[in-house]
Structure formats: C-alpha cells, structure tokens
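*Asks:* Input file: start38.pdb. Contents: PDB, N, CA, C and O atoms.
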```
ATOM      1  N   MET A  29     112.482 108.651 120.611
ATOM      2  CA  MET A  29     113.136 108.702 121.892
ATOM      3  C   MET A  29     112.238 108.061 122.938
ATOM      4  O   MET A  29     111.131 108.507 123.181
ATOM      5  N   SER A  30     112.665 106.985 123.532
ATOM      6  CA  SER A  30     111.902 106.266 124.534
ATOM      7  C   SER A  30     111.864 107.022 125.844
ATOM      8  O   SER A  30     112.812 107.708 126.205
ATOM      9  N   ARG A  31     110.782 106.886 126.555
ATOM     10  CA  ARG A  31     110.662 107.433 127.896
ATOM     11  C   ARG A  31     110.734 106.254 128.851
ATOM     12  O   ARG A  31     110.034 105.269 128.674
ATOM     13  N   LYS A  32     111.574 106.349 129.884
ATOM     14  CA  LYS A  32     111.733 105.249 130.814
ATOM     15  C   LYS A  32     111.478 105.720 132.230
ATOM     16  O   LYS A  32     111.795 106.843 132.585
ATOM     17  N   ILE A  33     110.901 104.830 133.002
ATOM     18  CA  ILE A  33     110.743 105.072 134.425
ATOM     19  C   ILE A  33     111.544 103.993 135.121
ATOM     20  O   ILE A  33     111.394 102.808 134.824
ATOM     21  N   ASN A  34     112.392 104.393 136.038
ATOM     22  CA  ASN A  34     113.215 103.432 136.739
ATOM     23  C   ASN A  34     112.387 102.782 137.831
ATOM     24  O   ASN A  34     112.198 103.339 138.898
ATOM     25  N   SER A  35     111.888 101.578 137.547
ATOM     26  CA  SER A  35     111.069 100.869 138.521
ATOM     27  C   SER A  35     111.915  99.943 139.375
ATOM     28  O   SER A  35     111.394  99.234 140.225
ATOM     29  N   GLY A  36     113.213  99.904 139.121
ATOM     30  CA  GLY A  36     114.090  99.053 139.893
ATOM     31  C   GLY A  36     114.214  97.654 139.330
ATOM     32  O   GLY A  36     115.234  97.020 139.452
ATOM     33  N   SER A  37     113.172  97.164 138.675
ATOM     34  CA  SER A  37     113.191  95.788 138.185
ATOM     35  C   SER A  37     113.421  95.685 136.689
ATOM     36  O   SER A  37     113.824  94.653 136.201
ATOM     37  N   SER A  38     113.153  96.739 135.963
ATOM     38  CA  SER A  38     113.276  96.661 134.515
ATOM     39  C   SER A  38     113.619  98.024 133.941
ATOM     40  O   SER A  38     113.121  99.043 134.399
ATOM     41  N   ALA A  39     114.443  98.009 132.900
ATOM     42  CA  ALA A  39     114.785  99.261 132.229
ATOM     43  C   ALA A  39     113.997  99.396 130.933
ATOM     44  O   ALA A  39     114.322 100.222 130.105
ATOM     45  N   ALA A  40     112.969  98.578 130.756
ATOM     46  CA  ALA A  40     112.162  98.621 129.538
ATOM     47  C   ALA A  40     111.382  99.929 129.487
ATOM     48  O   ALA A  40     110.866 100.391 130.504
ATOM     49  N   PRO A  41     111.288 100.548 128.307
ATOM     50  CA  PRO A  41     110.530 101.793 128.199
ATOM     51  C   PRO A  41     109.039 101.531 128.371
ATOM     52  O   PRO A  41     108.538 100.491 127.957
ATOM     53  N   ILE A  42     108.348 102.455 129.008
ATOM     54  CA  ILE A  42     106.903 102.328 129.096
ATOM     55  C   ILE A  42     106.228 103.117 127.991
ATOM     56  O   ILE A  42     105.122 102.806 127.603
ATOM     57  N   LEU A  43     106.912 104.141 127.462
ATOM     58  CA  LEU A  43     106.395 104.922 126.348
ATOM     59  C   LEU A  43     107.421 104.924 125.222
ATOM     60  O   LEU A  43     108.617 105.061 125.475
ATOM     61  N   VAL A  44     106.927 104.769 124.008
ATOM     62  CA  VAL A  44     107.801 104.838 122.839
ATOM     63  C   VAL A  44     107.200 105.816 121.840
ATOM     64  O   VAL A  44     106.004 106.092 121.857
ATOM     65  N   THR A  45     108.038 106.338 120.966
ATOM     66  CA  THR A  45     107.572 107.266 119.939
ATOM     67  C   THR A  45     106.751 106.518 118.892
ATOM     68  O   THR A  45     106.755 105.287 118.829
ATOM     69  N   SER A  46     106.094 107.294 118.045
ATOM     70  CA  SER A  46     105.310 106.716 116.959
ATOM     71  C   SER A  46     106.198 105.883 116.023
ATOM     72  O   SER A  46     105.813 104.787 115.605
ATOM     73  N   ASP A  47     107.390 106.385 115.710
ATOM     74  CA  ASP A  47     108.303 105.628 114.845
ATOM     75  C   ASP A  47     108.737 104.319 115.492
ATOM     76  O   ASP A  47     108.804 103.280 114.835
ATOM     77  N   GLU A  48     109.027 104.366 116.795
ATOM     78  CA  GLU A  48     109.416 103.143 117.502
ATOM     79  C   GLU A  48     108.250 102.158 117.561
ATOM     80  O   GLU A  48     108.443 100.952 117.400
ATOM     81  N   ALA A  49     107.047 102.660 117.785
ATOM     82  CA  ALA A  49     105.864 101.799 117.831
ATOM     83  C   ALA A  49     105.653 101.106 116.489
ATOM     84  O   ALA A  49     105.357  99.905 116.439
ATOM     85  N   ALA A  50     105.807 101.849 115.405
ATOM     86  CA  ALA A  50     105.659 101.261 114.072
ATOM     87  C   ALA A  50     106.673 100.142 113.865
ATOM     88  O   ALA A  50     106.340  99.073 113.337
ATOM     89  N   ARG A  51     107.909 100.370 114.295
ATOM     90  CA  ARG A  51     108.945  99.349 114.160
ATOM     91  C   ARG A  51     108.599  98.113 114.994
ATOM     92  O   ARG A  51     108.741  96.984 114.536
ATOM     93  N   ILE A  52     108.102  98.324 116.203
ATOM     94  CA  ILE A  52     107.742  97.213 117.087
ATOM     95  C   ILE A  52     106.671  96.334 116.463
ATOM     96  O   ILE A  52     106.745  95.106 116.530
ATOM     97  N   ILE A  53     105.657  96.948 115.833
ATOM     98  CA  ILE A  53     104.574  96.141 115.266
ATOM     99  C   ILE A  53     104.797  95.791 113.803
ATOM    100  O   ILE A  53     103.984  95.096 113.202
ATOM    101  N   GLY A  54     105.901  96.251 113.240
ATOM    102  CA  GLY A  54     106.300  95.814 111.908
ATOM    103  C   GLY A  54     105.597  96.481 110.747
ATOM    104  O   GLY A  54     105.333  95.840 109.725
ATOM    105  N   ILE A  55     105.300  97.754 110.903
ATOM    106  CA  ILE A  55     104.656  98.496 109.815
ATOM    107  C   ILE A  55     105.419  99.791 109.563
ATOM    108  O   ILE A  55     106.242 100.202 110.372
ATOM    109  N   ALA A  56     105.095 100.448 108.464
ATOM    110  CA  ALA A  56     105.702 101.740 108.155
ATOM    111  C   ALA A  56     105.129 102.810 109.089
ATOM    112  O   ALA A  56     103.934 102.774 109.420
ATOM    113  N   PRO A  57     105.952 103.757 109.515
ATOM    114  CA  PRO A  57     105.444 104.839 110.369
ATOM    115  C   PRO A  57     104.247 105.563 109.765
ATOM    116  O   PRO A  57     103.307 105.931 110.475
ATOM    117  N   LYS A  58     104.237 105.771 108.456
ATOM    118  CA  LYS A  58     103.116 106.454 107.800
ATOM    119  C   LYS A  58     101.820 105.647 107.930
ATOM    120  O   LYS A  58     100.739 106.220 108.082
ATOM    121  N   THR A  59     101.937 104.317 107.882
ATOM    122  CA  THR A  59     100.758 103.469 108.073
ATOM    123  C   THR A  59     100.170 103.682 109.456
ATOM    124  O   THR A  59      98.951 103.799 109.618
ATOM    125  N   LEU A  60     101.023 103.775 110.462
ATOM    126  CA  LEU A  60     100.550 103.999 111.829
ATOM    127  C   LEU A  60      99.850 105.352 111.935
ATOM    128  O   LEU A  60      98.800 105.462 112.568
ATOM    129  N   VAL A  61     100.384 106.367 111.281
ATOM    130  CA  VAL A  61      99.741 107.693 111.264
ATOM    131  C   VAL A  61      98.365 107.592 110.602
ATOM    132  O   VAL A  61      97.369 108.118 111.119
ATOM    133  N   ASN A  62      98.294 106.898 109.473
ATOM    134  CA  ASN A  62      97.017 106.737 108.773
ATOM    135  C   ASN A  62      96.002 106.010 109.645
ATOM    136  O   ASN A  62      94.830 106.403 109.704
ATOM    137  N   TRP A  63      96.433 104.933 110.298
ATOM    138  CA  TRP A  63      95.526 104.204 111.184
ATOM    139  C   TRP A  63      95.025 105.108 112.300
ATOM    140  O   TRP A  63      93.836 105.102 112.630
ATOM    141  N   ARG A  64      95.920 105.879 112.899
ATOM    142  CA  ARG A  64      95.537 106.768 113.996
ATOM    143  C   ARG A  64      94.508 107.782 113.526
ATOM    144  O   ARG A  64      93.523 108.059 114.216
ATOM    145  N   ASN A  65      94.700 108.338 112.342
ATOM    146  CA  ASN A  65      93.758 109.311 111.800
ATOM    147  C   ASN A  65      92.397 108.700 111.502
ATOM    148  O   ASN A  65      91.391 109.415 111.488
ATOM    149  N   ARG A  66      92.352 107.402 111.263
ATOM    150  CA  ARG A  66      91.087 106.698 110.992
ATOM    151  C   ARG A  66      90.478 106.083 112.247
ATOM    152  O   ARG A  66      89.444 105.432 112.179
ATOM    153  N   GLY A  67      91.145 106.230 113.388
ATOM    154  CA  GLY A  67      90.637 105.641 114.626
ATOM    155  C   GLY A  67      90.912 104.150 114.724
ATOM    156  O   GLY A  67      90.233 103.444 115.455
ATOM    157  N   LYS A  68      91.921 103.677 113.983
ATOM    158  CA  LYS A  68      92.297 102.260 113.995
ATOM    159  C   LYS A  68      93.644 102.117 114.697
ATOM    160  O   LYS A  68      94.270 103.101 115.038
ATOM    161  N   GLY A  69      94.072 100.881 114.849
ATOM    162  CA  GLY A  69      95.395 100.617 115.394
ATOM    163  C   GLY A  69      95.419 100.642 116.910
ATOM    164  O   GLY A  69      94.385 100.769 117.571
ATOM    165  N   PRO A  70      96.631 100.543 117.458
ATOM    166  CA  PRO A  70      96.769 100.506 118.917
ATOM    167  C   PRO A  70      96.427 101.841 119.570
ATOM    168  O   PRO A  70      96.517 102.897 118.945
ATOM    169  N   ALA A  71      96.041 101.749 120.834
ATOM    170  CA  ALA A  71      95.774 102.962 121.623
ATOM    171  C   ALA A  71      97.050 103.776 121.726
ATOM    172  O   ALA A  71      98.154 103.235 121.708
ATOM    173  N   TYR A  72      96.888 105.086 121.827
ATOM    174  CA  TYR A  72      98.042 105.973 121.933
ATOM    175  C   TYR A  72      97.804 107.032 122.994
ATOM    176  O   TYR A  72      96.703 107.184 123.501
ATOM    177  N   VAL A  73      98.871 107.751 123.308
ATOM    178  CA  VAL A  73      98.837 108.779 124.342
ATOM    179  C   VAL A  73      99.302 110.093 123.729
ATOM    180  O   VAL A  73     100.296 110.126 123.013
ATOM    181  N   ARG A  74      98.572 111.149 124.008
ATOM    182  CA  ARG A  74      99.018 112.486 123.621
ATOM    183  C   ARG A  74      99.245 113.227 124.936
ATOM    184  O   ARG A  74      98.319 113.442 125.700
ATOM    185  N   LEU A  75     100.481 113.591 125.204
ATOM    186  CA  LEU A  75     100.847 114.128 126.506
ATOM    187  C   LEU A  75     100.605 115.622 126.662
ATOM    188  O   LEU A  75     100.863 116.177 127.722
ATOM    189  N   GLY A  76     100.116 116.243 125.632
ATOM    190  CA  GLY A  76      99.864 117.678 125.724
ATOM    191  C   GLY A  76      98.628 118.047 124.930
ATOM    192  O   GLY A  76      97.666 117.299 124.856
ATOM    193  N   GLU A  77      98.684 119.212 124.303
ATOM    194  CA  GLU A  77      97.570 119.716 123.513
ATOM    195  C   GLU A  77      97.419 118.949 122.200
ATOM    196  O   GLU A  77      98.176 118.035 121.910
ATOM    197  N   LYS A  78      96.500 119.389 121.391
ATOM    198  CA  LYS A  78      96.123 118.701 120.155
ATOM    199  C   LYS A  78      97.302 118.360 119.250
ATOM    200  O   LYS A  78      97.334 117.304 118.649
ATOM    201  N   HIS A  79      98.286 119.222 119.136
ATOM    202  CA  HIS A  79      99.394 118.994 118.210
ATOM    203  C   HIS A  79     100.673 118.509 118.891
ATOM    204  O   HIS A  79     101.744 118.554 118.298
ATOM    205  N   SER A  80     100.551 118.041 120.122
ATOM    206  CA  SER A  80     101.728 117.522 120.822
ATOM    207  C   SER A  80     102.086 116.140 120.268
ATOM    208  O   SER A  80     101.261 115.480 119.639
ATOM    209  N   PRO A  81     103.320 115.702 120.484
ATOM    210  CA  PRO A  81     103.738 114.395 119.957
ATOM    211  C   PRO A  81     102.890 113.255 120.518
ATOM    212  O   PRO A  81     102.427 113.309 121.652
ATOM    213  N   VAL A  82     102.726 112.242 119.706
ATOM    214  CA  VAL A  82     101.995 111.041 120.090
ATOM    215  C   VAL A  82     102.999 110.019 120.602
ATOM    216  O   VAL A  82     104.072 109.842 120.027
ATOM    217  N   MET A  83     102.651 109.359 121.683
ATOM    218  CA  MET A  83     103.471 108.301 122.257
ATOM    219  C   MET A  83     102.593 107.053 122.389
ATOM    220  O   MET A  83     101.361 107.147 122.412
ATOM    221  N   TYR A  84     103.242 105.923 122.467
ATOM    222  CA  TYR A  84     102.538 104.648 122.637
ATOM    223  C   TYR A  84     103.069 103.950 123.873
ATOM    224  O   TYR A  84     104.281 103.894 124.086
ATOM    225  N   ARG A  85     102.151 103.401 124.691
ATOM    226  CA  ARG A  85     102.572 102.588 125.823
ATOM    227  C   ARG A  85     102.906 101.197 125.294
ATOM    228  O   ARG A  85     102.139 100.622 124.513
ATOM    229  N   VAL A  86     104.024 100.668 125.725
ATOM    230  CA  VAL A  86     104.450  99.345 125.275
ATOM    231  C   VAL A  86     103.372  98.315 125.598
ATOM    232  O   VAL A  86     103.054  97.457 124.773
ATOM    233  N   ARG A  87     102.749  98.414 126.762
ATOM    234  CA  ARG A  87     101.707  97.436 127.125
ATOM    235  C   ARG A  87     100.511  97.508 126.180
ATOM    236  O   ARG A  87      99.870  96.502 125.909
ATOM    237  N   ASP A  88     100.193  98.699 125.643
ATOM    238  CA  ASP A  88      99.095  98.809 124.674
ATOM    239  C   ASP A  88      99.476  98.176 123.343
ATOM    240  O   ASP A  88      98.634  97.559 122.683
ATOM    241  N   LEU A  89     100.729  98.322 122.947
ATOM    242  CA  LEU A  89     101.185  97.669 121.717
ATOM    243  C   LEU A  89     101.117  96.156 121.868
ATOM    244  O   LEU A  89     100.645  95.443 120.971
ATOM    245  N   GLU A  90     101.560  95.650 123.021
ATOM    246  CA  GLU A  90     101.509  94.207 123.276
ATOM    247  C   GLU A  90     100.070  93.704 123.272
ATOM    248  O   GLU A  90      99.771  92.654 122.694
ATOM    249  N   ALA A  91      99.169  94.437 123.908
ATOM    250  CA  ALA A  91      97.753  94.042 123.948
ATOM    251  C   ALA A  91      97.154  94.052 122.542
ATOM    252  O   ALA A  91      96.381  93.163 122.180
ATOM    253  N   TRP A  92      97.507  95.056 121.749
ATOM    254  CA  TRP A  92      96.995  95.145 120.379
ATOM    255  C   TRP A  92      97.485  93.961 119.555
ATOM    256  O   TRP A  92      96.711  93.352 118.815
ATOM    257  N   ILE A  93      98.757  93.619 119.688
ATOM    258  CA  ILE A  93      99.309  92.460 118.983
ATOM    259  C   ILE A  93      98.600  91.193 119.441
ATOM    260  O   ILE A  93      98.182  90.365 118.614
ATOM    261  N   ASP A  94      98.434  91.013 120.752
ATOM    262  CA  ASP A  94      97.757  89.825 121.290
ATOM    263  C   ASP A  94      96.331  89.698 120.771
ATOM    264  O   ASP A  94      95.830  88.597 120.561
ATOM    265  N   SER A  95      95.669  90.827 120.536
ATOM    266  CA  SER A  95      94.280  90.785 120.071
ATOM    267  C   SER A  95      94.169  90.339 118.623
ATOM    268  O   SER A  95      93.060  90.100 118.143
ATOM    269  N   ARG A  96      95.275  90.250 117.929
ATOM    270  CA  ARG A  96      95.267  89.873 116.519
ATOM    271  C   ARG A  96      95.791  88.481 116.251
ATOM    272  O   ARG A  96      96.011  88.094 115.114
ATOM    273  N   VAL A  97      95.958  87.672 117.308
ATOM    274  CA  VAL A  97      96.402  86.296 117.135
ATOM    275  C   VAL A  97      95.297  85.520 116.445
ATOM    276  O   VAL A  97      94.133  85.606 116.822
ATOM    277  N   VAL A  98      95.674  84.768 115.391
ATOM    278  CA  VAL A  98      94.714  83.996 114.612
ATOM    279  C   VAL A  98      95.179  82.548 114.572
ATOM    280  O   VAL A  98      96.368  82.269 114.498
ATOM    281  N   GLY A  99      94.217  81.616 114.616
ATOM    282  CA  GLY A  99      94.565  80.221 114.402
ATOM    283  C   GLY A  99      94.579  79.403 115.679
ATOM    284  O   GLY A  99      94.267  79.870 116.763
ATOM    285  N   ALA A 100      94.977  78.143 115.511
ATOM    286  CA  ALA A 100      95.015  77.182 116.611
ATOM    287  C   ALA A 100      95.976  77.668 117.685
ATOM    288  O   ALA A 100      96.992  78.294 117.409
ATOM    289  N   GLY A 101      95.640  77.362 118.919
ATOM    290  CA  GLY A 101      96.499  77.737 120.027
ATOM    291  C   GLY A 101      96.400  79.202 120.393
ATOM    292  O   GLY A 101      97.270  79.727 121.056
ATOM    293  N   ARG A 102      95.332  79.840 119.998
ATOM    294  CA  ARG A 102      95.178  81.272 120.252
ATOM    295  C   ARG A 102      95.373  81.635 121.708
ATOM    296  O   ARG A 102      96.026  82.613 122.014
ATOM    297  N   GLY A 103      94.836  80.838 122.612
ATOM    298  CA  GLY A 103      94.939  81.167 124.037
ATOM    299  C   GLY A 103      96.220  80.667 124.667
ATOM    300  O   GLY A 103      96.531  81.021 125.799
ATOM    301  N   ALA A 104      96.994  79.868 123.973
ATOM    302  CA  ALA A 104      98.223  79.316 124.555
ATOM    303  C   ALA A 104      99.311  80.364 124.628
ATOM    304  O   ALA A 104      99.450  81.206 123.748
ATOM    305  N   ARG A 105     100.069  80.305 125.683
ATOM    306  CA  ARG A 105     101.224  81.209 125.843
ATOM    307  C   ARG A 105     102.408  80.424 126.245
ATOM    308  O   ARG A 105     102.445  79.506 126.884
TER     309      ARG A 105
END
```
Will you turn the file into structure tokens for me?
*Replies:*
Amino acid sequence: MSRKINSGSSAAPILVTSDEAARIIGIAPKTLVNWRNRGKGPAYVRLGEKHSPVMYRVRDLEAWIDSRVVGAGRGAR
C-alpha cells in the first residue's frame, strides 16, 4: 500500500511497501528482505518500533538504481 502526500504537482507515492519496492527494482520480495537483513540494498524507513513495517522512499530506490549504472555513458541522462 503506497503512502502519498498531495504536493499539488504530483500524485507519485513518496513511500512504497517492501513488496512494491522489490517490484520497482525487479527482484523477488524475499531477496529484498535478505539484503536488508545483511545491510545491503537500498535505504529503507521503519516508521515505528523494531517490528513495524518497512517502507522505502521512491527517491532512495531511484538513487540506489542510479548508483548501479555500469558502462559507457554512465553520467549521461
């Protein structure tokens, strides 16, 4: 379930669930859980205590993807 803030200019979610984040970056949700437990993968947000649901900021997912660009034209956009 995405969390959205109405900024007036965009209806894009700023927070997505772990399952949505896995889909965005093209991996299995279990892989994302494993990476998180190992301290790997994109940054995440825990909005409550230790066992509260994990959420991902879309901008952190985008930054993580950008950091993995390989090959010619790396800096080109």
*Asks:* One decimal, Å: what's the distance from CA of Ser95 in chain A over to CA of Leu75 in chain A, could you say?
*Replies:*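 We find that CA of Ser95 in chain A and CA of Leu75 in chain A lie 25.1 Å from each other.
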*Asks:* What does the distance between atom N of Asn62 in chain A and CA of Val98 in chain A come to in Å, to one decimal place?
*Replies:*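 Result for atom N of Asn62 in chain A versus CA of Val98 in chain A: 23.7 Å, one decimal.
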*Asks:* Just give me the gap between atom C of Pro70 in chain A and atom C of Glu90 in chain A in Å, one decimal is fine.
*Replies:*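 Pair atom C of Pro70 in chain A / atom C of Glu90 in chain A returns 9.7 Å.
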*Asks:* Please list as a list in words every residue within 8 Å of Ile93 in chain A, counting all atoms listed in the file and excluding residues in the same chain fewer than 6 positions away.
*Replies:*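 With the cut-off at 8 Å, the set is Ile53, Pro70, Val86 and Arg87 of chain A.
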*Asks:* Quick one: DSSP strand (DSSP E or B) residues in range 29-99 of chain A, as a compact mmCIF listing (two decimals) with N, CA, C and O atoms, in the coordinates of the input?
*Replies:*
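states.txt, freshly written:
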```txt
# COMPACT_ATOMS: atom_id res chain seq x y z
N ARG A 31 110.78 106.89 126.56
CA ARG A 31 110.66 107.43 127.90
C ARG A 31 110.73 106.25 128.85
O ARG A 31 110.03 105.27 128.67
N LEU A 43 106.91 104.14 127.46
CA LEU A 43 106.40 104.92 126.35
C LEU A 43 107.42 104.92 125.22
O LEU A 43 108.62 105.06 125.48
N VAL A 44 106.93 104.77 124.01
CA VAL A 44 107.80 104.84 122.84
C VAL A 44 107.20 105.82 121.84
O VAL A 44 106.00 106.09 121.86
N THR A 45 108.04 106.34 120.97
CA THR A 45 107.57 107.27 119.94
C THR A 45 106.75 106.52 118.89
O THR A 45 106.76 105.29 118.83
N VAL A 73 98.87 107.75 123.31
CA VAL A 73 98.84 108.78 124.34
C VAL A 73 99.30 110.09 123.73
O VAL A 73 100.30 110.13 123.01
N ARG A 74 98.57 111.15 124.01
CA ARG A 74 99.02 112.49 123.62
C ARG A 74 99.24 113.23 124.94
O ARG A 74 98.32 113.44 125.70
N VAL A 82 102.73 112.24 119.71
CA VAL A 82 102.00 111.04 120.09
C VAL A 82 103.00 110.02 120.60
O VAL A 82 104.07 109.84 120.03
N MET A 83 102.65 109.36 121.68
CA MET A 83 103.47 108.30 122.26
C MET A 83 102.59 107.05 122.39
O MET A 83 101.36 107.15 122.41
N TYR A 84 103.24 105.92 122.47
CA TYR A 84 102.54 104.65 122.64
C TYR A 84 103.07 103.95 123.87
O TYR A 84 104.28 103.89 124.09
N ARG A 85 102.15 103.40 124.69
CA ARG A 85 102.57 102.59 125.82
C ARG A 85 102.91 101.20 125.29
O ARG A 85 102.14 100.62 124.51
```
*Asks:* Using only N, CA, C and O atoms, pick whichever of A:Ala91, A:Arg85, A:Lys78, A:Val97 has the shortest atom-to-atom distance to Thr45 in chain A.
*Replies:* A:Arg85
*Asks:* What lies within 12 Å of Arg64 in chain A using only C-alpha atoms, ignoring chain neighbours under 6 positions off, as a list in words?
*Replies:* Ser46, Ala50, Pro57, Lys58, Pro70, Ala71, Tyr72, Val73, Arg74, Val82, Met83 and Tyr84 of chain A
*Asks:* With distances taken over only C-alpha atoms, which of A:Lys68, A:Ala100, A:Pro81, A:Asp88 is nearest to Ile42 in chain A?
*Replies:*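 Checking each candidate against Ile42 in chain A, we get A:Asp88 as the closest.
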*Asks:* Need the axis-aligned box for range 55-72 of chain A with 6 Å each side, so what are the centre and edges in Å to one decimal, as lines of an AutoDock Vina configuration file?
*Replies:*
```
center_x = 97.8
center_y = 103.6
center_z = 115.7
size_x = 28.8
size_y = 23.7
size_z = 27.7
```
*Asks:* Please write N, CA, C and O atoms of range 81-101 of chain A, from the structure given just now, as an mmCIF file, in the first residue's frame.
*Replies:*
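As a result, out-v2.cif now contains:
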```cif
data_model
loop_
_atom_site.group_PDB
_atom_site.id
_atom_site.type_symbol
_atom_site.label_atom_id
_atom_site.label_comp_id
_atom_site.auth_asym_id
_atom_site.auth_seq_id
_atom_site.Cartn_x
_atom_site.Cartn_y
_atom_site.Cartn_z
ATOM 1 N N PRO A 81 6.337 -2.201 10.115
ATOM 2 C CA PRO A 81 6.568 -2.436 8.683
ATOM 3 C C PRO A 81 7.685 -1.552 8.131
ATOM 4 O O PRO A 81 7.883 -0.429 8.580
ATOM 5 N N VAL A 82 8.375 -2.085 7.155
ATOM 6 C CA VAL A 82 9.441 -1.368 6.467
ATOM 7 C C VAL A 82 8.850 -0.714 5.227
ATOM 8 O O VAL A 82 8.052 -1.319 4.513
ATOM 9 N N MET A 83 9.235 0.517 4.984
ATOM 10 C CA MET A 83 8.814 1.255 3.801
ATOM 11 C C MET A 83 10.075 1.751 3.089
ATOM 12 O O MET A 83 11.146 1.854 3.698
ATOM 13 N N TYR A 84 9.922 2.040 1.825
ATOM 14 C CA TYR A 84 11.031 2.565 1.022
ATOM 15 C C TYR A 84 10.612 3.883 0.400
ATOM 16 O O TYR A 84 9.503 4.001 -0.124
ATOM 17 N N ARG A 85 11.514 4.881 0.450
ATOM 18 C CA ARG A 85 11.258 6.134 -0.246
ATOM 19 C C ARG A 85 11.598 5.924 -1.718
ATOM 20 O O ARG A 85 12.653 5.367 -2.045
ATOM 21 N N VAL A 86 10.723 6.372 -2.583
ATOM 22 C CA VAL A 86 10.939 6.214 -4.019
ATOM 23 C C VAL A 86 12.262 6.860 -4.419
ATOM 24 O O VAL A 86 13.032 6.292 -5.195
ATOM 25 N N ARG A 87 12.581 8.016 -3.857
ATOM 26 C CA ARG A 87 13.845 8.685 -4.219
ATOM 27 C C ARG A 87 15.060 7.853 -3.820
ATOM 28 O O ARG A 87 16.083 7.883 -4.490
ATOM 29 N N ASP A 88 14.970 7.079 -2.724
ATOM 30 C CA ASP A 88 16.086 6.206 -2.336
ATOM 31 C C ASP A 88 16.224 5.035 -3.300
ATOM 32 O O ASP A 88 17.343 4.613 -3.611
ATOM 33 N N LEU A 89 15.105 4.513 -3.772
ATOM 34 C CA LEU A 89 15.166 3.439 -4.767
ATOM 35 C C LEU A 89 15.799 3.950 -6.055
ATOM 36 O O LEU A 89 16.662 3.289 -6.650
ATOM 37 N N GLU A 90 15.398 5.148 -6.483
ATOM 38 C CA GLU A 90 15.969 5.740 -7.697
ATOM 39 C C GLU A 90 17.466 5.976 -7.535
ATOM 40 O O GLU A 90 18.252 5.690 -8.445
ATOM 41 N N ALA A 91 17.879 6.493 -6.388
ATOM 42 C CA ALA A 91 19.305 6.744 -6.132
ATOM 43 C C ALA A 91 20.087 5.431 -6.124
ATOM 44 O O ALA A 91 21.198 5.354 -6.650
ATOM 45 N N TRP A 92 19.510 4.396 -5.525
ATOM 46 C CA TRP A 92 20.176 3.091 -5.476
ATOM 47 C C TRP A 92 20.345 2.532 -6.884
ATOM 48 O O TRP A 92 21.412 2.025 -7.230
ATOM 49 N N ILE A 93 19.309 2.637 -7.701
ATOM 50 C CA ILE A 93 19.392 2.182 -9.091
ATOM 51 C C ILE A 93 20.451 2.984 -9.834
ATOM 52 O O ILE A 93 21.300 2.415 -10.541
ATOM 53 N N ASP A 94 20.443 4.310 -9.686
ATOM 54 C CA ASP A 94 21.429 5.169 -10.357
ATOM 55 C C ASP A 94 22.857 4.815 -9.960
ATOM 56 O O ASP A 94 23.780 4.915 -10.763
ATOM 57 N N SER A 95 23.049 4.376 -8.720
ATOM 58 C CA SER A 95 24.400 4.051 -8.253
ATOM 59 C C SER A 95 24.928 2.764 -8.864
ATOM 60 O O SER A 95 26.107 2.449 -8.693
ATOM 61 N N ARG A 96 24.086 2.022 -9.536
ATOM 62 C CA ARG A 96 24.488 0.746 -10.122
ATOM 63 C C ARG A 96 24.612 0.773 -11.628
ATOM 64 O O ARG A 96 24.764 -0.254 -12.270
ATOM 65 N N VAL A 97 24.596 1.973 -12.226
ATOM 66 C CA VAL A 97 24.769 2.095 -13.667
ATOM 67 C C VAL A 97 26.192 1.703 -14.012
ATOM 68 O O VAL A 97 27.143 2.145 -13.376
ATOM 69 N N VAL A 98 26.333 0.829 -15.030
ATOM 70 C CA VAL A 98 27.639 0.338 -15.449
ATOM 71 C C VAL A 98 27.799 0.603 -16.939
ATOM 72 O O VAL A 98 26.849 0.498 -17.703
ATOM 73 N N GLY A 99 29.027 0.946 -17.352
ATOM 74 C CA GLY A 99 29.301 1.041 -18.776
ATOM 75 C C GLY A 99 29.389 2.469 -19.278
ATOM 76 O O GLY A 99 29.297 3.434 -18.535
ATOM 77 N N ALA A 100 29.556 2.571 -20.594
ATOM 78 C CA ALA A 100 29.709 3.861 -21.265
ATOM 79 C C ALA A 100 28.464 4.705 -21.047
ATOM 80 O O ALA A 100 27.348 4.205 -20.971
ATOM 81 N N GLY A 101 28.672 5.999 -20.953
ATOM 82 C CA GLY A 101 27.556 6.912 -20.784
ATOM 83 C C GLY A 101 27.004 6.928 -19.376
ATOM 84 O O GLY A 101 25.896 7.372 -19.158
#
```
